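Q: data_35.cif is reproduced below (mmCIF, C-alpha atoms and all ligand atoms).
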data_entry
loop_
_atom_site.label_atom_id
_atom_site.label_comp_id
_atom_site.auth_asym_id
_atom_site.auth_seq_id
_atom_site.Cartn_x
_atom_site.Cartn_y
_atom_site.Cartn_z
CA MET J 1 0.00 0.00 0.00
CA ALA J 2 1.37 3.40 -1.00
CA LEU J 3 0.70 6.86 0.39
CA ILE J 4 -0.14 9.37 -2.34
CA VAL J 5 -0.62 13.12 -1.89
CA GLN J 6 -3.05 14.40 -4.52
CA LYS J 7 -3.10 18.13 -5.12
CA ILE J 8 -6.14 19.40 -7.00
CA GLY J 9 -5.61 22.75 -8.70
CA GLY J 10 -8.16 25.56 -8.84
CA SER J 11 -8.93 24.99 -12.51
CA SER J 12 -10.17 21.51 -11.54
CA LEU J 13 -12.38 22.91 -8.77
CA ALA J 14 -14.02 25.80 -10.59
CA ASP J 15 -17.61 24.61 -10.02
CA VAL J 16 -19.63 21.93 -8.25
CA ALA J 17 -19.50 19.54 -11.22
CA ARG J 18 -15.71 19.73 -11.32
CA ILE J 19 -15.40 19.25 -7.58
CA ARG J 20 -17.51 16.11 -7.96
CA HIS J 21 -15.28 14.93 -10.81
CA ALA J 22 -12.09 15.61 -8.80
CA ALA J 23 -13.56 13.68 -5.87
CA GLU J 24 -13.94 10.66 -8.21
CA ARG J 25 -10.19 10.83 -8.86
CA VAL J 26 -9.53 10.70 -5.13
CA VAL J 27 -11.90 7.76 -4.61
CA ALA J 28 -10.31 5.90 -7.55
CA GLU J 29 -6.86 6.24 -5.95
CA LYS J 30 -8.24 5.05 -2.63
CA GLU J 31 -9.93 2.08 -4.31
CA ARG J 32 -6.59 1.07 -5.80
CA GLY J 33 -5.70 0.35 -2.19
CA ASN J 34 -3.62 3.44 -1.51
CA ASP J 35 -3.78 5.92 1.35
CA VAL J 36 -4.56 9.40 0.09
CA VAL J 37 -4.05 12.91 1.44
CA VAL J 38 -5.79 15.57 -0.64
CA VAL J 39 -4.56 19.16 -0.92
CA VAL J 40 -6.88 21.66 -2.59
CA SER J 41 -6.52 25.12 -4.11
CA ALA J 42 -9.28 27.71 -4.09
CA MET J 43 -11.98 27.49 -6.78
CA GLY J 44 -10.51 28.61 -10.12
CA GLY J 45 -10.46 32.39 -10.47
CA GLN J 46 -11.43 32.95 -6.82
CA THR J 47 -8.02 34.13 -5.61
CA ASP J 48 -7.73 36.52 -8.58
CA GLN J 49 -11.14 37.98 -7.75
CA LEU J 50 -10.19 38.53 -4.12
CA VAL J 51 -6.93 40.22 -5.14
CA ALA J 52 -8.80 42.50 -7.55
CA MET J 53 -11.29 43.56 -4.85
CA ALA J 54 -8.48 44.32 -2.41
CA GLN J 55 -6.73 46.46 -5.01
CA GLU J 56 -9.91 48.41 -5.65
CA LEU J 57 -10.17 49.25 -1.97
CA HIS J 58 -6.54 50.01 -1.15
CA ASP J 59 -3.53 51.27 -3.17
CA ARG J 60 -1.16 48.86 -1.48
CA PRO J 61 -3.22 46.28 0.44
CA PRO J 62 -1.60 45.47 3.82
CA GLY J 63 -0.01 42.00 3.99
CA ARG J 64 -1.86 40.80 7.06
CA GLU J 65 -5.27 41.59 5.59
CA MET J 66 -4.28 39.98 2.27
CA ASP J 67 -3.39 36.77 4.11
CA GLN J 68 -6.71 36.75 5.93
CA LEU J 69 -8.57 37.46 2.70
CA LEU J 70 -6.81 35.04 0.36
CA ALA J 71 -6.79 32.14 2.82
CA SER J 72 -10.60 32.18 2.64
CA GLY J 73 -10.53 30.66 -0.87
CA GLU J 74 -9.10 27.31 0.26
CA GLN J 75 -11.38 27.33 3.31
CA VAL J 76 -14.30 26.93 0.89
CA THR J 77 -12.85 24.07 -1.14
CA ILE J 78 -11.66 21.89 1.78
CA SER J 79 -15.18 21.56 3.10
CA LEU J 80 -16.83 21.16 -0.31
CA MET J 81 -14.30 18.46 -1.26
CA ALA J 82 -14.74 16.69 2.09
CA MET J 83 -18.52 16.69 1.55
CA ALA J 84 -18.16 15.34 -1.99
CA LEU J 85 -16.00 12.51 -0.60
CA MET J 86 -18.38 11.79 2.27
CA GLN J 87 -21.22 11.53 -0.23
CA ARG J 88 -19.13 8.70 -1.75
CA GLN J 89 -18.97 6.86 1.60
CA GLN J 90 -15.46 8.02 2.35
CA HIS J 91 -14.42 9.05 5.83
CA ALA J 92 -13.07 12.50 4.87
CA ARG J 93 -12.09 15.34 7.18
CA SER J 94 -11.11 18.88 6.21
CA PHE J 95 -8.17 20.78 7.75
CA SER J 96 -7.18 24.42 7.45
CA GLY J 97 -3.43 25.10 7.49
CA GLY J 98 -3.65 26.03 11.17
CA GLN J 99 -5.53 22.86 12.05
CA VAL J 100 -2.87 20.57 10.56
CA ALA J 101 -0.69 22.55 11.64
CA VAL J 102 1.45 23.81 8.76
CA HIS J 103 3.93 26.17 10.48
CA THR J 104 5.44 29.07 8.56
CA ASP J 105 8.00 31.81 9.15
CA GLY J 106 5.13 34.31 9.40
CA VAL J 107 6.09 36.57 6.47
CA SER J 108 2.80 37.84 5.02
CA THR J 109 1.79 36.84 1.50
CA ARG J 110 5.06 34.98 0.85
CA ALA J 111 5.56 32.80 3.92
CA ARG J 112 7.81 29.76 3.88
CA ILE J 113 6.86 26.48 5.51
CA THR J 114 9.16 25.76 8.45
CA ASP J 115 7.60 22.60 9.90
CA ILE J 116 4.49 20.42 9.62
CA ASP J 117 2.79 18.53 12.47
CA ARG J 118 1.95 15.01 11.36
CA GLU J 119 -0.26 13.71 14.19
CA ASN J 120 -3.66 15.03 13.10
CA LEU J 121 -3.29 13.79 9.54
CA ARG J 122 -1.83 10.44 10.63
CA ALA J 123 -4.79 9.86 12.94
CA VAL J 124 -7.23 10.25 10.05
CA LEU J 125 -5.12 8.02 7.78
CA GLU J 126 -4.86 5.35 10.45
CA ALA J 127 -8.63 5.34 10.76
CA GLY J 128 -8.83 4.66 7.01
CA GLY J 129 -9.91 8.21 6.24
CA ILE J 130 -8.91 10.91 3.77
CA PRO J 131 -7.56 14.20 5.15
CA VAL J 132 -8.43 17.17 2.92
CA VAL J 133 -5.93 19.97 3.53
CA ALA J 134 -6.13 23.62 2.51
CA GLY J 135 -3.20 24.44 0.26
CA PHE J 136 -1.44 27.82 0.17
CA GLN J 137 -1.88 28.60 3.89
CA GLY J 138 -0.14 28.04 7.18
CA ILE J 139 0.20 29.50 10.62
CA GLY J 140 2.99 31.88 11.68
CA PRO J 141 4.92 31.96 14.98
CA GLU J 142 2.30 34.28 16.54
CA GLY J 143 -0.60 32.12 15.39
CA GLU J 144 -1.34 34.40 12.45
CA VAL J 145 -2.75 33.09 9.16
CA THR J 146 -0.10 33.35 6.45
CA THR J 147 -0.18 32.51 2.74
CA LEU J 148 2.64 31.04 0.68
CA GLY J 149 2.60 33.17 -2.49
CA ARG J 150 0.55 32.58 -5.64
CA GLY J 151 0.45 28.96 -6.72
CA GLY J 152 1.43 27.97 -3.16
CA SER J 153 -0.86 24.94 -2.94
CA ASP J 154 1.73 23.04 -4.99
CA THR J 155 4.23 23.72 -2.22
CA THR J 156 1.82 22.61 0.52
CA ALA J 157 1.33 19.33 -1.35
CA VAL J 158 5.02 18.57 -1.82
CA ALA J 159 5.88 19.66 1.73
CA LEU J 160 3.16 17.36 3.10
CA ALA J 161 4.42 14.53 0.91
CA ALA J 162 7.92 15.05 2.33
CA ALA J 163 6.68 15.32 5.94
CA LEU J 164 4.51 12.19 5.69
CA GLU J 165 7.15 10.32 3.64
CA ALA J 166 4.58 9.77 0.88
CA ASP J 167 5.52 7.60 -2.08
CA GLU J 168 4.43 10.13 -4.70
CA CYS J 169 2.91 13.58 -5.01
CA HIS J 170 0.44 14.02 -7.89
CA ILE J 171 -0.34 17.53 -9.10
CA TYR J 172 -3.74 17.44 -10.85
CA THR J 173 -4.32 20.37 -13.18
CA ASP J 174 -5.93 21.36 -16.48
CA VAL J 175 -3.01 20.21 -18.67
CA ASP J 176 -1.82 16.61 -18.89
CA GLY J 177 1.77 17.38 -17.95
CA VAL J 178 4.66 19.77 -18.34
CA TYR J 179 5.06 20.93 -21.94
CA THR J 180 7.95 22.38 -23.93
CA THR J 181 6.22 25.72 -23.37
CA ASP J 182 2.84 27.01 -22.21
CA PRO J 183 0.40 25.17 -24.52
CA ARG J 184 -1.95 28.17 -24.29
CA ILE J 185 0.59 30.17 -26.30
CA VAL J 186 1.97 27.45 -28.57
CA PRO J 187 -0.62 24.75 -29.38
CA GLU J 188 2.15 22.64 -31.01
CA ALA J 189 4.02 22.38 -27.70
CA ARG J 190 4.95 18.80 -26.73
CA ARG J 191 4.37 17.05 -23.42
CA LEU J 192 7.58 15.92 -21.70
CA ALA J 193 7.43 12.38 -20.26
CA LYS J 194 10.12 13.30 -17.73
CA ILE J 195 11.99 16.41 -16.71
CA THR J 196 14.83 16.86 -14.20
CA PHE J 197 14.29 18.71 -10.91
CA GLU J 198 17.01 21.08 -12.01
CA GLU J 199 15.29 22.04 -15.27
CA MET J 200 11.87 22.26 -13.61
CA ILE J 201 13.28 24.58 -10.91
CA GLU J 202 14.60 26.86 -13.66
CA LEU J 203 11.35 26.76 -15.67
CA ALA J 204 9.26 27.45 -12.56
CA SER J 205 11.50 30.28 -11.38
CA LEU J 206 11.47 31.78 -14.87
CA GLY J 207 7.69 31.91 -15.02
CA SER J 208 6.17 28.53 -15.99
CA LYS J 209 3.16 28.65 -13.75
CA VAL J 210 2.40 24.95 -13.98
CA LEU J 211 4.30 24.45 -10.67
CA GLN J 212 5.34 26.87 -7.95
CA ILE J 213 9.12 27.05 -7.65
CA ARG J 214 9.27 26.25 -3.95
CA ALA J 215 7.32 23.06 -4.60
CA VAL J 216 10.00 21.89 -7.01
CA GLU J 217 12.81 22.94 -4.65
CA PHE J 218 11.21 20.94 -1.83
CA ALA J 219 10.72 17.95 -4.11
CA GLY J 220 14.38 18.03 -5.16
CA LYS J 221 15.65 18.50 -1.62
CA TYR J 222 13.59 15.67 -0.10
CA SER J 223 13.53 13.48 -3.23
CA VAL J 224 9.74 13.44 -3.49
CA PRO J 225 8.71 12.04 -6.89
CA VAL J 226 6.24 14.55 -8.38
CA ARG J 227 3.92 13.78 -11.27
CA VAL J 228 1.95 16.50 -13.06
CA ARG J 229 -1.21 15.08 -14.64
CA SER J 230 -4.64 16.04 -15.89
CA THR J 231 -7.78 15.86 -13.76
CA PHE J 232 -9.80 15.46 -16.92
CA ASP J 233 -8.15 12.51 -18.64
CA ASP J 234 -6.04 9.52 -17.72
CA GLY J 235 -2.40 9.48 -18.63
CA GLU J 236 1.05 9.24 -17.17
CA GLY J 237 1.60 12.98 -17.21
CA THR J 238 5.13 14.25 -16.55
CA LEU J 239 7.42 12.80 -13.91
CA ILE J 240 9.84 15.21 -12.29
CA THR J 241 12.93 13.27 -11.39
CA VAL J 242 16.69 13.20 -10.98
CA GLU J 243 18.81 13.27 -14.12
CA GLU J 244 19.15 9.77 -15.56
CA GLU J 245 21.53 8.37 -18.14
CA ASP J 246 18.83 7.21 -20.54
CA MET J 247 16.86 10.46 -20.50
CA GLU J 248 16.30 12.21 -23.81
CA LYS J 249 19.12 14.74 -23.97
CA ALA J 250 17.47 17.76 -25.49
CA LEU J 251 19.55 20.86 -26.05
CA VAL J 252 16.57 22.92 -24.95
CA SER J 253 13.86 21.30 -22.82
CA GLY J 254 11.50 24.21 -22.48
CA ILE J 255 10.71 27.89 -22.87
CA ALA J 256 9.27 29.96 -20.04
CA HIS J 257 7.86 33.46 -20.06
CA ASN J 258 7.26 35.80 -17.18
CA GLU J 259 5.09 38.91 -17.33
CA ASP J 260 5.16 39.50 -13.58
CA GLU J 261 8.35 41.53 -13.40
CA ALA J 262 9.22 45.19 -13.78
CA LYS J 263 12.48 46.85 -14.73
CA VAL J 264 14.09 49.59 -12.65
CA THR J 265 16.95 51.74 -14.00
CA ILE J 266 19.03 54.25 -12.11
CA ILE J 267 20.78 56.55 -14.57
CA GLY J 268 24.05 58.37 -13.95
CA VAL J 269 25.10 56.69 -10.72
CA PRO J 270 28.55 57.70 -9.42
CA ASP J 271 30.79 54.68 -10.19
CA ARG J 272 32.24 53.95 -6.76
CA PRO J 273 32.27 51.10 -4.23
CA GLY J 274 29.12 50.67 -2.18
CA ILE J 275 26.58 51.81 -4.79
CA ALA J 276 25.21 48.38 -5.67
CA HIS J 277 24.95 47.64 -1.97
CA ALA J 278 23.12 50.93 -1.26
CA VAL J 279 20.54 50.25 -3.97
CA VAL J 280 19.99 46.50 -3.64
CA GLY J 281 20.24 46.67 0.16
CA ALA J 282 17.41 49.24 0.33
CA VAL J 283 15.21 47.04 -1.85
CA SER J 284 16.03 43.84 0.07
CA ARG J 285 15.15 45.49 3.38
CA GLU J 286 11.61 45.81 2.01
CA ASN J 287 11.65 42.01 1.54
CA VAL J 288 11.63 42.40 -2.25
CA ASN J 289 13.64 39.94 -4.34
CA VAL J 290 15.92 41.55 -6.90
CA ASP J 291 16.37 39.45 -10.01
CA MET J 292 18.44 40.22 -13.13
CA ILE J 293 21.04 42.91 -12.38
CA ILE J 294 23.08 44.76 -14.99
CA GLN J 295 25.67 47.41 -14.40
CA ASN J 296 27.57 48.86 -17.32
CA GLN J 297 31.21 49.84 -17.27
CA GLY J 298 31.26 53.41 -16.04
CA GLU J 299 32.12 56.34 -18.28
CA HIS J 300 33.25 59.72 -16.87
CA GLY J 301 32.87 58.24 -13.41
CA LYS J 302 29.15 57.48 -13.95
CA THR J 303 27.31 54.28 -14.66
CA ASP J 304 23.74 52.98 -15.19
CA PHE J 305 22.31 50.33 -12.94
CA THR J 306 19.35 48.19 -14.05
CA PHE J 307 17.56 45.29 -12.35
CA THR J 308 14.19 43.58 -12.27
CA VAL J 309 11.76 43.09 -9.36
CA PRO J 310 8.33 41.45 -9.04
CA ARG J 311 5.79 43.69 -10.75
CA SER J 312 3.56 43.83 -7.68
CA ASP J 313 6.47 45.39 -5.76
CA TYR J 314 7.26 47.97 -8.45
CA PRO J 315 5.48 50.96 -6.80
CA LEU J 316 7.05 50.10 -3.43
CA VAL J 317 10.53 49.81 -4.99
CA MET J 318 10.20 53.15 -6.81
CA ASP J 319 9.09 54.84 -3.56
CA THR J 320 11.92 53.21 -1.64
CA LEU J 321 14.60 54.17 -4.17
CA ASP J 322 13.57 57.78 -4.59
CA PRO J 323 15.39 59.00 -1.45
CA VAL J 324 18.25 56.53 -2.02
CA CYS J 325 18.88 57.99 -5.51
CA LYS J 326 19.06 61.51 -4.07
CA GLN J 327 21.46 60.31 -1.40
CA ILE J 328 23.84 58.61 -3.85
CA GLU J 329 23.47 61.58 -6.24
CA ALA J 330 22.15 59.59 -9.18
CA GLU J 331 20.81 61.57 -12.16
CA ALA J 332 17.46 59.83 -12.60
CA LEU J 333 15.29 56.91 -11.58
CA THR J 334 13.19 55.32 -14.34
CA GLY J 335 11.62 51.97 -15.12
CA SER J 336 8.90 50.03 -16.86
CA ASP J 337 6.35 47.50 -15.77
CA ARG J 338 5.51 46.56 -19.36
CA ILE J 339 8.31 44.05 -19.85
CA ALA J 340 8.47 40.28 -20.28
CA LYS J 341 11.26 37.86 -19.59
CA ILE J 342 11.60 34.98 -22.04
CA SER J 343 13.90 32.10 -21.08
CA MET J 344 15.18 28.90 -22.63
CA VAL J 345 16.15 26.03 -20.31
CA GLY J 346 17.97 22.76 -20.95
CA VAL J 347 20.64 20.60 -19.31
CA GLY J 348 21.97 20.01 -22.84
CA MET J 349 23.27 23.60 -22.87
CA ARG J 350 26.09 22.51 -20.58
CA SER J 351 27.79 20.70 -23.41
CA HIS J 352 26.71 22.83 -26.39
CA ALA J 353 27.63 26.41 -27.15
CA GLY J 354 25.58 28.54 -29.51
CA VAL J 355 22.11 28.46 -27.91
CA ALA J 356 22.22 32.13 -26.97
CA ASP J 357 23.29 33.18 -30.43
CA ARG J 358 20.59 31.10 -32.14
CA MET J 359 18.08 32.65 -29.73
CA PHE J 360 19.20 36.23 -30.51
CA GLU J 361 19.07 35.47 -34.25
CA ALA J 362 15.50 34.13 -34.03
CA LEU J 363 14.37 37.22 -32.10
CA SER J 364 16.09 39.65 -34.46
CA ARG J 365 14.39 37.98 -37.44
CA GLU J 366 11.06 38.96 -35.83
CA GLY J 367 12.28 42.49 -35.07
CA VAL J 368 12.15 41.93 -31.30
CA ASN J 369 14.58 44.20 -29.46
CA ILE J 370 16.41 42.70 -26.48
CA GLN J 371 16.63 44.97 -23.42
CA MET J 372 18.52 42.74 -20.98
CA ILE J 373 20.29 39.36 -21.16
CA ALA J 374 21.22 36.87 -18.44
CA THR J 375 22.74 33.42 -18.79
CA SER J 376 23.65 30.54 -16.51
CA GLU J 377 24.81 27.00 -17.09
CA ILE J 378 21.42 25.68 -18.21
CA LYS J 379 19.45 28.80 -19.20
CA VAL J 380 19.41 31.96 -21.28
CA SER J 381 16.94 34.75 -20.47
CA VAL J 382 16.13 37.95 -22.28
CA VAL J 383 13.92 40.88 -21.31
CA VAL J 384 11.77 42.31 -24.11
CA ASP J 385 8.82 44.66 -24.42
CA GLN J 386 5.74 42.86 -23.09
CA LYS J 387 3.91 43.34 -26.40
CA TYR J 388 6.30 40.79 -27.97
CA THR J 389 5.77 37.98 -25.43
CA GLU J 390 3.72 35.62 -27.60
CA LEU J 391 5.64 36.42 -30.77
CA ALA J 392 8.97 35.73 -29.05
CA VAL J 393 7.85 32.45 -27.45
CA ARG J 394 6.42 31.16 -30.75
CA ALA J 395 9.49 32.21 -32.75
CA LEU J 396 11.84 30.47 -30.32
CA HIS J 397 9.72 27.33 -30.12
CA GLU J 398 9.89 27.11 -33.89
CA ALA J 399 13.56 28.03 -34.23
CA PHE J 400 14.58 25.28 -31.81
CA GLU J 401 12.06 22.81 -33.33
CA LEU J 402 10.56 22.00 -29.95
CA ASP J 403 7.41 20.74 -31.68
CA LYS J 404 9.43 17.74 -32.92
CA PRO J 405 10.66 14.70 -30.94
CA VAL J 406 14.20 15.25 -29.66
CA ASP J 407 15.87 12.87 -32.12
CA GLU J 408 14.28 14.61 -35.11
CA ARG J 409 15.53 18.06 -34.19
CA ASP J 410 18.25 19.69 -36.18
CA HIS J 411 21.60 19.86 -34.38
CA ILE J 412 23.12 23.18 -33.70
CA HIS J 413 25.84 24.15 -36.19
P1 LIG K 501 -3.90 24.94 -11.28
O1 LIG K 501 -5.12 25.76 -11.12
O2 LIG K 501 -4.21 23.50 -11.52
O3 LIG K 501 -2.86 25.13 -10.22
P2 LIG K 501 -2.28 26.55 -13.06
O4 LIG K 501 -3.04 27.52 -13.90
O5 LIG K 501 -1.57 27.07 -11.87
O6 LIG K 501 -3.28 25.38 -12.67
O7 LIG K 501 -1.21 25.77 -13.95
C1 LIG K 501 -1.59 25.12 -15.15
C2 LIG K 501 -1.34 26.04 -16.33
O8 LIG K 501 0.05 26.28 -16.46
C3 LIG K 501 -1.74 25.46 -17.67
O9 LIG K 501 -3.09 25.68 -17.97
C4 LIG K 501 -0.81 26.18 -18.65
O10 LIG K 501 -1.45 27.22 -19.33
C5 LIG K 501 0.27 26.79 -17.75
N1 LIG K 501 1.63 26.47 -18.18
C6 LIG K 501 2.65 27.36 -18.30
N2 LIG K 501 3.75 26.78 -18.75
C7 LIG K 501 3.46 25.46 -18.91
C8 LIG K 501 4.22 24.34 -19.35
N3 LIG K 501 5.51 24.46 -19.71
N4 LIG K 501 3.61 23.14 -19.38
C9 LIG K 501 2.32 23.00 -19.01
N5 LIG K 501 1.56 24.05 -18.59
C10 LIG K 501 2.10 25.26 -18.54
N1 LIG K 502 -5.33 29.83 -4.60
C1 LIG K 502 -3.93 30.21 -4.64
C2 LIG K 502 -3.64 30.93 -5.96
O1 LIG K 502 -4.49 31.04 -6.80
C3 LIG K 502 -2.98 29.08 -4.42
C4 LIG K 502 -2.98 28.03 -5.49
O2 LIG K 502 -3.92 27.94 -6.28
O3 LIG K 502 -2.01 27.27 -5.55
O4 LIG K 502 -2.54 31.38 -6.14
MG MG K 503 -1.17 26.42 -9.88
#
Would you mind writing the structure in this file as structure tokens?
Ligand code: ADP
Ligand code: ASP
Ligand code: MG
A:
Amino acid sequence: MALIVQKIGGSSLADVARIRHAAERVVAEKERGNDVVVVVSAMGGQTDQLVAMAQELHDRPPGREMDQLLASGEQVTISLMAMALMQRQQHARSFSGGQVAVHTDGVSTRARITDIDRENLRAVLEAGGIPVVAGFQGIGPEGEVTTLGRGGSDTTAVALAAALEADECHIYTDVDGVYTTDPRIVPEARRLAKITFEEMIELASLGSKVLQIRAVEFAGKYSVPVRVRSTFDDGEGTLITVEEEDMEKALVSGIAHNEDEAKVTIIGVPDRPGIAHAVVGAVSRENVNVDMIIQNQGEHGKTDFTFTVPRSDYPLVMDTLDPVCKQIEAEALTGSDRIAKISMVGVGMRSHAGVADRMFEALSREGVNIQMIATSEIKVSVVVDQKYTELAVRALHEAFELDKPVDERDHIH
């Protein structure tokens, strides 16, 4: 008998009919003789609606109130799912994050899980029941409700799988696996049978919303096998796993895009030690993650300093940097929140040069101007104007022939 954690995404819980259908999936797993722990997201679109209402009422909604508000979405689905299971003669019991308890570091709207109590869930499992746990929420050191960042139910599921030493964690969603790129943008995208933790971490951190990055990090760290599959049809989905010898060695495994970042530029900064620290330090103290950073070689003792931040933090970052720029005697502070980051990921890049160049060529053919570039061992990212997102993703998918099986793709010259 295996223990399986099944995470049901919001798109699979959007209405009563879908909740009923998802409950059938859970019962089917149980009838195969396995123990099951269910983790649910809020009903599809619910969290977005709550965020939109908050933004209508407040320019910069306070973190604590956002946590309280957003945690309500999963409160609805745990009980509805438990009821749907009980209707099918299952002994189901719903748990909020606090009732489990899922402990977090207490940072509002982007808390990290620090520990999970196992007793309450184990008691239900031992009695032959199905615990239904609210994803995306936990309880901070002071007993406060905290949420884990958008898409955080994935992380709850993998963290629970690790804590309970589950055999597998299944992520049920509206696509039947991880694709070479978002199939909503490129219908010719191909499903990957397997992908390495390393590549999935890159894709998730670069914007592929199919899995939250922390979920993949947890899975890699605690070796939890994760399978992404469809709630709506049977299939093997995509297994996220360690790199194996016999895996298809694609040069590029996938393309991610991210429209949730903004670009900040400080023009005419005096080129002297301590400037990067003054700027990035001020931003970090606001708990904002700084991503791509570019500083040009200074001319006449001045330099420009550009970096990206999450788009939702853009107003806060601009407000924070205004006094800092005056203090360091920079000439101007500018930026844009209409950018997109497009990235190509693949472990095959380690042994092949030329991916970046082929990427730049494909973008130039479409007249897409590149604003920033960043590379690492297994990825290349570019920042472009947001209006080119779809064009850029499609052009790259075609240029690297990702619609074809790996062995039919043209080798790089
Ligand atoms: P859920 O509500 O189940 O959590 P999400 O919307 O968070 O679902 O994630 C599934 C969506 O992720 C898909 O509908 C798809 O549009 C998007 N997506 C982005 N990149 C990929 C990719 N590489 N492979 C599969 N899906 C992707
Ligand atoms: N409901 C939350 C969100 O929409 C968490 C999740 O779905 O994973 O981001
Ligand atoms: Mg999701």
Q: Would you mind telling me which residue in J:Val37, J:Val288, J:Ala256, J:Val175 lies nearest to Ile130 (chain J) when using all atoms listed in the file?
A: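 Checking each candidate against Ile130 (chain J), we get J:Val37 as the closest.
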Q: At what distance in Å, to one decimal, does CA of Glu259 (chain J) lie from CA of Ile201 (chain J)?
A: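 For CA of Ile201 (chain J) relative to CA of Glu259 (chain J), the distance reads 17.7 Å.
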Q: If you count all atoms listed in the file, which residues end up within 10 Å of ligand MG 503 (chain K), as an MDAnalysis selection string?
A: chainID J and resid 7:11 41 44 150:155 171:174 208:212
Q: Can you write just those residues out, C-alpha atoms, as a CSV table (one decimal), in the frame of the given file?
A:
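This is the output file result_30.csv:
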chain,number,residue,atom,x,y,z
J,7,LYS,CA,-3.1,18.1,-5.1
J,8,ILE,CA,-6.1,19.4,-7.0
J,9,GLY,CA,-5.6,22.8,-8.7
J,10,GLY,CA,-8.2,25.6,-8.8
J,11,SER,CA,-8.9,25.0,-12.5
J,41,SER,CA,-6.5,25.1,-4.1
J,44,GLY,CA,-10.5,28.6,-10.1
J,150,ARG,CA,0.6,32.6,-5.6
J,151,GLY,CA,0.4,29.0,-6.7
J,152,GLY,CA,1.4,28.0,-3.2
J,153,SER,CA,-0.9,24.9,-2.9
J,154,ASP,CA,1.7,23.0,-5.0
J,155,THR,CA,4.2,23.7,-2.2
J,171,ILE,CA,-0.3,17.5,-9.1
J,172,TYR,CA,-3.7,17.4,-10.8
J,173,THR,CA,-4.3,20.4,-13.2
J,174,ASP,CA,-5.9,21.4,-16.5
J,208,SER,CA,6.2,28.5,-16.0
J,209,LYS,CA,3.2,28.6,-13.8
J,210,VAL,CA,2.4,25.0,-14.0
J,211,LEU,CA,4.3,24.4,-10.7
J,212,GLN,CA,5.3,26.9,-8.0
Q: For CA of Thr238 (chain J) and CA of Val178 (chain J), determine how far apart the two atoms are, in Å to one decimal place.
A: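 Atom-to-atom, CA of Thr238 (chain J) and CA of Val178 (chain J) are spaced 5.8 Å apart.
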Q: Skip Val38 (chain J) itself and residues of its chain fewer than 6 positions away, then list as a list in words all residues within 6 Å of it, counting only C-alpha atoms.
A: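 Returned residues: Val5, Gln6, Lys7 and Val132 of chain J.
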Q: Hey, can you pull every residue with an atom no more than 7 Å from (8.6, 46.4, -20.5), using only C-alpha atoms, and send it as a tab-separated table (two decimals) with C-alpha atoms, keeping the file's coordinate frame?
A:
chain	number	residue	atom	x	y	z
J	262	ALA	CA	9.22	45.19	-13.78
J	263	LYS	CA	12.48	46.85	-14.73
J	336	SER	CA	8.90	50.03	-16.86
J	337	ASP	CA	6.35	47.50	-15.77
J	338	ARG	CA	5.51	46.56	-19.36
J	339	ILE	CA	8.31	44.05	-19.85
J	340	ALA	CA	8.47	40.28	-20.28
J	384	VAL	CA	11.77	42.31	-24.11
J	385	ASP	CA	8.82	44.66	-24.42
J	386	GLN	CA	5.74	42.86	-23.09
Q: Using the file's own x, y and z axes, what box holds all listed atoms of ligand LIG 502 (chain K) with 3 Å on each side, keeping edges along x, y and z, and what are its centre and edge lengths in Å to one decimal, as lines of an AutoDock Vina configuration file?
A:
center_x = -3.7
center_y = 29.3
center_z = -5.6
size_x = 9.3
size_y = 10.1
size_z = 8.4
